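Trainee: Here it is: the structure, laid out below.
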Amino acid sequence: MESSEKTEVVLLACGSFNPITNMHLRLFELAKDYLNGTGKYRVIKGIISPVGDAYKKKGLISAHHRVIMAELATKNCSWVEVDSWESLQKEWTETAKVLRHHQEKLEAGGCDRQQDSPVLERPGRKRKWAEQRSEVGRKKSLEPRTAGVPKVKLLCGADILESFGVPNLWKSEDIARIVGDYGLVCVTRVGNDAQKFIYESDVLWQHRANIHLVNEWITNDISSTKIRRALRRGQSIRYLVPDLVWDYIEKHSLYSSESEQRNVGVILAPLQRNAADSNSNPTA
């Protein structure tokens, strides 16, 4: 029976989401299709975790707005949600610690498996709720069993994978912890050299079995940087971001030449912290 068990997976995407785009949402769908298609995993939830203001990235607007936009973007999504824990930390929090936070929540039984509990659209329809629940129960009894506590895996694009090679951007022990203890689901474009990058990195090669490369066959070049550039130039971003996000950006006039100058000249938090650690441990 063990061969029929599937590992339940929670996909965690960390990043600026400045602003969130349709491509960010597509990453979840691509990763879910891939993992479910292996027959070994069942993706039960996706989590968007916007970075806090202390990250100090150039042009990074307030986490308050970025969290709200992410919530608006996932408003009609049944399985992807937004978590504000990382964004509320006073200091920048390493991705490895964010992964640990969410894994510990799951181990404590705090995972809200929304897809297993159909939501009643209008109050008072208890009979329909019961019927839906019964139907889901019948379907689940036919599915392969799941093994143990759900596992958190980091969802990212190829740019994050390649950023592992940037000096002082990541601690080597954090990279090992991310790919070794949790795992990576990396969505790459056709022709990307992700495999070569893994081959050239000893730590990534060691944990290559825990790195899942997902090909993005329908190419999509949307990025937050390009969205902000279009907004600064007064160009439309309609259909590049969810409509509710576009409306929110317009209502609050979020992105401009002035906002893009935020944190200019400030060293990125991980570079500052990791460089300081290296200097304090020259023999490490």
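Going through the structure tokens in order, the chains are called A, B, and so on, while each chain numbers its residues from 1 and the ligands are numbered from 1 in the order shown.
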With DSSP run on the backbone, what are the strand (DSSP E) residues within stretch 206-268 of chain A? I'd like them as a ChimeraX atom specification.

Mentor: /A:211-216

Trainee: Using only C-alpha atoms, determine which residues lie at most 6 Å from stretch 80-94 of chain A, disregarding the query and same-chain residues fewer than 5 positions distant; provide the list as a list in words.

Mentor: Lys45, Gly46, Ile47, Ile48, Ser49, Pro50, Val51, Gly52, Ala54, Tyr55 and Glu71 of chain A

Trainee: Residues of stretch 10-110 of chain A that have any atom at most 6 Å from an atom of stretch 261-280 of chain A: could you tabulate them with the shortest-distance atom pair and the distance in Å to one decimal, using only C-alpha atoms, ordered by chain and increasing number, as a tab-separated table?

Mentor:
residue	atom	partner	partner_atom	distance
A:Tyr55	CA	A:Ala269	CA	5.0
A:Lys56	CA	A:Leu268	CA	5.4
A:Lys57	CA	A:Leu268	CA	5.7
A:Lys58	CA	A:Asn263	CA	4.9
A:Gly59	CA	A:Arg262	CA	4.9

Trainee: How close does each residue of stretch 219-255 of chain A get to stretch 146-159 of chain A, giving the shortest atom pair and distance in Å to one decimal for every residue with an atom at most 12 Å away, counting only C-alpha atoms, sorted by chain and residue number, as a Markdown table?

Mentor:
| residue | atom | partner | partner_atom | distance |
| --- | --- | --- | --- | --- |
| A:Asn220 | CA | A:Gly157 | CA | 11.7 |
| A:Asp221 | CA | A:Gly157 | CA | 11.5 |
| A:Ser223 | CA | A:Gly157 | CA | 11.0 |

Trainee: Limited to C-alpha atoms, could you put the picked residues into a file as a PDB file, in the first residue's frame?

Mentor:
ATOM      1  CA  ASN A 220       5.171  34.534 -20.400  1.00  0.00           C
ATOM      2  CA  ASP A 221       7.614  37.396 -19.912  1.00  0.00           C
ATOM      3  CA  SER A 223       7.585  40.858 -14.580  1.00  0.00           C
TER       4      SER A 223
END

Trainee: Please identify all polymer residues within 12 Å of A:Phe197, counting only C-alpha atoms, omitting same-chain residues fewer than 4 positions from it, and present them as JSON, numbers by chain.

Mentor: {"A": [158, 159, 160, 161, 162, 163, 164, 165, 192, 193, 201, 202, 203, 204, 205, 208, 211, 213]}

Trainee: Suppose you want the space between atom CA of A:Glu216 and atom CA of A:Val98; what is it in Å?

Mentor: 26.0 Å

Trainee: How many Å separate atom CA of A:Trp79 from atom CA of A:Leu12?

Mentor: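 A separation of 12.0 Å between them.
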
Trainee: Applying 12 Å and only C-alpha atoms, which residues near A:Lys32 remain after dropping the ones on its own chain fewer than 3 positions away? List them as an NGL selection string.

Mentor: :A and (8-12 or 25-29 or 35-46 or 79-80 or 153 or 155 or 185-187 or 212 or 214)

Trainee: List the neighbours of stretch 242-258 of chain A out to 12 Å using only C-alpha atoms; skip same-chain residues closer than 2 positions along the sequence, and give me the result as a count of residues only.

Mentor: 52

Trainee: Have a look at atom CA of A:Trp217 and atom CA of A:Leu30 and let me know their distance in Å, one decimal.

Mentor: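 Distance reported for this atom pair: 9.8 Å.
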